[in-house]
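Working notes, beginning with the structure itself.
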Amino acid sequence: MTLRVLGAGLGRTGTLSLKVALERLLGGRCYHMVELFSRPQDIGLWHEAVHGSLPDWDELLGDYCAAVDEPPAAFWRELAEAYPDCLVVLSLRDPMAWWESADETAFGVLRSDPPAAPPFMAAWHTMVRDMMDARFPGMLDDRDTAIATFERHNALVREVIPAGRLLEWRAEQGWAPLCDALRVPVPSEPFPHVNTRAEWKARQATT
């Protein structure tokens with residue numbers, strides 16, 4: 001299987017909703033950060049990639065038709081080159097809303113001590129911290145630096161990816177832009193808006 005869609009948008013821009021939507025539209029699996037919790041063996045591969053030793057992308061992502069969120073979004077340029085025919089989706093969100101959501105969820109976890117359990121979570125925490133420091137320097141430091149890094153990332157994606165290959169998408173737009181770009185019918189069911197800030201916090205409270 002080859003990658004048909006690459007998500008270049010950063011986490012907390014509707015990436016889990018995008019994962020669920022793409023799996024529905026493409027009939028295959030979509031790689032996302034959550035995959036690492038059932039595939040802890042991938043953590044070391046991504047960590048090596050952070051330090052410059054890129055994996056065999058076909059071996060790592062061969063079971064997937066799409067990849068979104070981090071770690072893939074941190075390697076959007078390399079993956080776009082490796083899969084030149086894939087659609088690149090830049091998921092977007094108001095920068096301040098993005099910061100507030102990220103700061104209250106994922107960034108808070110990354111600023112804290114590594115989780116003690118399950119055992120692989122310490123390795124996951126270290127990998128993601130190193131990835132953020134290397135690919136998005138300063139993003140965890142403060143609001144203004146994070147927003148500037150967020151906007152710089154989005155601008156670079158727009159600069160590098162040809163317009164005919166790039167879809168800029170916001171979760172509130174739902175199915176239509178994705179279906180148009182992929183040339184597939186619009187599903188009859190509502191678009192899957194998942195992993196809101198409230199849902200994220202509720203899930204963390206039970207773990």
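Going by the structure tokens order, chains are called A, B, ..., each with residues numbered from 1, while ligands are numbered from 1 in the order shown.
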
Every residue of chain A that DSSP places in strand (DSSP E or B), as a PDB file with C-alpha atoms, in the first residue's frame:
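Output file out-v5.pdb follows:
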```pdb
ATOM      1  CA  VAL A   5      -2.679  11.381   1.891  1.00  0.00           C
ATOM      2  CA  LEU A   6      -0.107  13.128   4.055  1.00  0.00           C
ATOM      3  CA  GLY A   7      -1.236  15.465   6.802  1.00  0.00           C
ATOM      4  CA  ARG A  29      -5.646   2.804   8.054  1.00  0.00           C
ATOM      5  CA  CYS A  30      -4.271   6.253   8.811  1.00  0.00           C
ATOM      6  CA  TYR A  31      -1.117   6.704  10.893  1.00  0.00           C
ATOM      7  CA  TYR A  64      -1.275   2.712   5.938  1.00  0.00           C
ATOM      8  CA  CYS A  65      -2.958   4.698   3.188  1.00  0.00           C
ATOM      9  CA  ALA A  66      -2.574   8.018   5.018  1.00  0.00           C
ATOM     10  CA  ALA A  67      -0.482   9.627   7.756  1.00  0.00           C
ATOM     11  CA  LEU A  87      -2.241  14.653  -1.499  1.00  0.00           C
ATOM     12  CA  VAL A  88      -0.879  16.931   1.211  1.00  0.00           C
ATOM     13  CA  VAL A  89      -3.514  18.196   3.650  1.00  0.00           C
ATOM     14  CA  LEU A  90      -2.580  21.195   5.760  1.00  0.00           C
ATOM     15  CA  SER A  91      -5.056  21.160   8.632  1.00  0.00           C
ATOM     16  CA  LEU A  92      -5.487  24.653  10.046  1.00  0.00           C
ATOM     17  CA  LEU A 166      -2.050  20.991  -1.385  1.00  0.00           C
ATOM     18  CA  LEU A 167      -5.404  21.096   0.385  1.00  0.00           C
ATOM     19  CA  GLU A 168      -5.784  23.626   3.181  1.00  0.00           C
ATOM     20  CA  TRP A 169      -8.534  22.299   5.419  1.00  0.00           C
ATOM     21  CA  ARG A 170     -10.275  23.216   8.664  1.00  0.00           C
TER      22      ARG A 170
END
```

Just the residues within 10 Å of A:Gly174, please, counting only C-alpha atoms, with nothing from its chain fewer than 4 positions along; format it as a ChimeraX atom specification.
/A:17-18,21,169-170,178-179,186,190-193

Since we have the selection now, will you write its residues out, keeping N, CA, C and O atoms, as a tab-separated table (two decimals), in the first residue's frame?
```tsv
chain	number	residue	atom	x	y	z
A	17	SER	N	-9.73	13.82	14.10
A	17	SER	CA	-10.92	13.82	13.25
A	17	SER	C	-10.54	13.53	11.81
A	17	SER	O	-11.23	12.77	11.11
A	18	LEU	N	-9.44	14.11	11.36
A	18	LEU	CA	-8.97	13.87	10.00
A	18	LEU	C	-8.60	12.41	9.81
A	18	LEU	O	-8.90	11.82	8.77
A	21	ALA	N	-11.78	10.44	9.49
A	21	ALA	CA	-12.44	10.75	8.22
A	21	ALA	C	-11.72	10.08	7.05
A	21	ALA	O	-12.36	9.51	6.16
A	169	TRP	N	-7.25	22.82	4.91
A	169	TRP	CA	-8.53	22.30	5.42
A	169	TRP	C	-8.69	22.63	6.89
A	169	TRP	O	-7.73	22.59	7.66
A	170	ARG	N	-9.90	22.99	7.26
A	170	ARG	CA	-10.27	23.22	8.66
A	170	ARG	C	-11.36	22.22	9.04
A	170	ARG	O	-12.25	21.93	8.24
A	178	LEU	N	-12.34	17.48	1.49
A	178	LEU	CA	-11.60	16.22	1.40
A	178	LEU	C	-12.13	15.36	0.26
A	178	LEU	O	-11.35	14.81	-0.53
A	179	CYS	N	-13.44	15.25	0.18
A	179	CYS	CA	-14.04	14.43	-0.86
A	179	CYS	C	-13.77	14.99	-2.24
A	179	CYS	O	-13.50	14.24	-3.19
A	186	VAL	N	-19.37	12.13	-0.95
A	186	VAL	CA	-19.52	12.61	0.42
A	186	VAL	C	-20.36	11.61	1.20
A	186	VAL	O	-21.47	11.27	0.79
A	190	PRO	N	-22.67	12.17	9.63
A	190	PRO	CA	-22.02	13.41	10.05
A	190	PRO	C	-20.51	13.27	10.09
A	190	PRO	O	-19.98	12.18	10.32
A	191	PHE	N	-19.82	14.37	9.88
A	191	PHE	CA	-18.37	14.35	9.96
A	191	PHE	C	-17.93	14.04	11.39
A	191	PHE	O	-18.52	14.55	12.35
A	192	PRO	N	-16.90	13.22	11.58
A	192	PRO	CA	-16.50	12.79	12.93
A	192	PRO	C	-15.62	13.83	13.66
A	192	PRO	O	-14.40	13.81	13.56
A	193	HIS	N	-16.25	14.71	14.38
A	193	HIS	CA	-15.50	15.67	15.20
A	193	HIS	C	-15.16	14.99	16.53
A	193	HIS	O	-16.03	14.79	17.39
```

Could you pull the residues within 6 Å of stretch 111-128 of chain A, counting only C-alpha atoms, minus those fewer than 3 positions along the same chain, as a list in words?
His47, Gly108 and Met131 of chain A

Using backbone DSSP assignments, extract all alpha helix (DSSP H) residues from stretch 21-50 of chain A; output them as a PyMOL selection string.
chain A and resi 21-26+41-50

Serialized selection, all heavy atoms, as a tab-separated table (two decimals), in the first residue's frame:
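Contents of the output file result-v1.tsv:
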```
chain	number	residue	atom	x	y	z
A	21	ALA	N	-11.78	10.44	9.49
A	21	ALA	CA	-12.44	10.75	8.22
A	21	ALA	C	-11.72	10.08	7.05
A	21	ALA	O	-12.36	9.51	6.16
A	21	ALA	CB	-12.47	12.26	8.01
A	22	LEU	N	-10.39	10.14	7.04
A	22	LEU	CA	-9.65	9.54	5.93
A	22	LEU	C	-9.80	8.03	5.92
A	22	LEU	O	-9.86	7.41	4.84
A	22	LEU	CB	-8.17	9.93	6.02
A	22	LEU	CG	-7.87	11.40	5.72
A	22	LEU	CD1	-6.41	11.71	6.02
A	22	LEU	CD2	-8.21	11.74	4.27
A	23	GLU	N	-9.85	7.42	7.09
A	23	GLU	CA	-10.06	5.97	7.13
A	23	GLU	C	-11.42	5.61	6.53
A	23	GLU	O	-11.56	4.59	5.84
A	23	GLU	CB	-9.91	5.46	8.55
A	23	GLU	CG	-8.47	5.52	9.03
A	23	GLU	CD	-8.26	5.06	10.46
A	23	GLU	OE1	-9.25	5.05	11.24
A	23	GLU	OE2	-7.12	4.72	10.81
A	24	ARG	N	-12.40	6.45	6.77
A	24	ARG	CA	-13.73	6.22	6.19
A	24	ARG	C	-13.70	6.41	4.67
A	24	ARG	O	-14.28	5.61	3.91
A	24	ARG	CB	-14.74	7.18	6.84
A	24	ARG	CG	-16.09	7.27	6.16
A	24	ARG	CD	-16.88	5.97	6.23
A	24	ARG	NE	-18.21	6.12	5.68
A	24	ARG	CZ	-18.48	6.06	4.37
A	24	ARG	NH1	-17.50	5.83	3.50
A	24	ARG	NH2	-19.72	6.20	3.93
A	25	LEU	N	-13.03	7.44	4.22
A	25	LEU	CA	-13.04	7.76	2.80
A	25	LEU	C	-12.16	6.83	1.97
A	25	LEU	O	-12.49	6.52	0.82
A	25	LEU	CB	-12.58	9.21	2.58
A	25	LEU	CG	-13.47	10.31	3.18
A	25	LEU	CD1	-12.84	11.67	2.95
A	25	LEU	CD2	-14.87	10.26	2.56
A	26	LEU	N	-11.04	6.42	2.53
A	26	LEU	CA	-10.06	5.64	1.78
A	26	LEU	C	-10.16	4.14	2.02
A	26	LEU	O	-9.55	3.34	1.31
A	26	LEU	CB	-8.64	6.12	2.10
A	26	LEU	CG	-8.34	7.58	1.77
A	26	LEU	CD1	-6.94	7.95	2.22
A	26	LEU	CD2	-8.52	7.85	0.27
A	41	GLN	N	7.01	-0.27	19.20
A	41	GLN	CA	8.25	-0.55	18.48
A	41	GLN	C	8.61	0.56	17.50
A	41	GLN	O	9.77	0.68	17.07
A	41	GLN	CB	8.14	-1.89	17.74
A	41	GLN	CG	7.18	-1.92	16.57
A	41	GLN	CD	5.75	-2.25	16.95
A	41	GLN	OE1	5.37	-2.19	18.12
A	41	GLN	NE2	4.96	-2.63	15.96
A	42	ASP	N	7.63	1.39	17.13
A	42	ASP	CA	7.90	2.49	16.19
A	42	ASP	C	8.60	3.67	16.86
A	42	ASP	O	9.18	4.51	16.17
A	42	ASP	CB	6.59	3.00	15.57
A	42	ASP	CG	5.97	2.01	14.61
A	42	ASP	OD1	6.57	0.93	14.39
A	42	ASP	OD2	4.89	2.31	14.08
A	43	ILE	N	8.51	3.76	18.18
A	43	ILE	CA	9.04	4.93	18.88
A	43	ILE	C	10.53	5.11	18.60
A	43	ILE	O	10.99	6.23	18.30
A	43	ILE	CB	8.77	4.82	20.39
A	43	ILE	CG1	7.26	4.87	20.66
A	43	ILE	CG2	9.49	5.94	21.16
A	43	ILE	CD1	6.87	4.55	22.09
A	44	GLY	N	11.28	4.02	18.67
A	44	GLY	CA	12.71	4.10	18.42
A	44	GLY	C	13.02	4.52	16.99
A	44	GLY	O	13.99	5.26	16.75
A	45	LEU	N	12.21	4.07	16.03
A	45	LEU	CA	12.43	4.45	14.63
A	45	LEU	C	12.24	5.95	14.43
A	45	LEU	O	13.04	6.60	13.74
A	45	LEU	CB	11.48	3.67	13.72
A	45	LEU	CG	11.66	2.15	13.69
A	45	LEU	CD1	10.57	1.50	12.85
A	45	LEU	CD2	13.03	1.79	13.13
A	46	TRP	N	11.20	6.49	15.05
A	46	TRP	CA	10.97	7.93	14.94
A	46	TRP	C	12.07	8.71	15.66
A	46	TRP	O	12.49	9.77	15.21
A	46	TRP	CB	9.60	8.30	15.49
A	46	TRP	CG	8.46	7.88	14.63
A	46	TRP	CD1	7.53	6.92	14.90
A	46	TRP	CD2	8.11	8.41	13.34
A	46	TRP	NE1	6.63	6.82	13.87
A	46	TRP	CE2	6.96	7.72	12.90
A	46	TRP	CE3	8.66	9.40	12.53
A	46	TRP	CZ2	6.35	8.00	11.68
A	46	TRP	CZ3	8.05	9.68	11.30
A	46	TRP	CH2	6.91	8.99	10.89
A	47	HIS	N	12.53	8.16	16.79
A	47	HIS	CA	13.59	8.86	17.53
A	47	HIS	C	14.88	8.89	16.69
A	47	HIS	O	15.58	9.92	16.66
A	47	HIS	CB	13.83	8.18	18.87
A	47	HIS	CG	14.31	9.12	19.93
A	47	HIS	ND1	14.39	8.78	21.25
A	47	HIS	CD2	14.75	10.41	19.86
A	47	HIS	CE1	14.86	9.82	21.95
A	47	HIS	NE2	15.07	10.81	21.12
A	48	GLU	N	15.18	7.80	16.02
A	48	GLU	CA	16.34	7.79	15.14
A	48	GLU	C	16.16	8.79	14.00
A	48	GLU	O	17.13	9.45	13.59
A	48	GLU	CB	16.55	6.38	14.58
A	48	GLU	CG	17.02	5.37	15.62
A	48	GLU	CD	17.12	3.97	15.05
A	48	GLU	OE1	16.89	3.80	13.83
A	48	GLU	OE2	17.41	3.04	15.83
A	49	ALA	N	14.94	8.91	13.50
A	49	ALA	CA	14.67	9.88	12.44
A	49	ALA	C	14.92	11.30	12.92
A	49	ALA	O	15.45	12.14	12.19
A	49	ALA	CB	13.24	9.73	11.94
A	50	VAL	N	14.52	11.58	14.16
A	50	VAL	CA	14.77	12.91	14.75
A	50	VAL	C	16.26	13.23	14.71
A	50	VAL	O	16.66	14.38	14.47
A	50	VAL	CB	14.23	12.97	16.19
A	50	VAL	CG1	14.70	14.23	16.89
A	50	VAL	CG2	12.71	12.89	16.21
```

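Taking only C-alpha atoms into account, A:Arg158 lies nearest to A:Arg77 out of the set A:Gly11, A:Leu61, A:Arg4, A:Arg77.
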
Could you work out how far atom CA of A:Glu78 lies from atom CA of A:Glu35, giving the answer in Å with one decimal?
19.8 Å
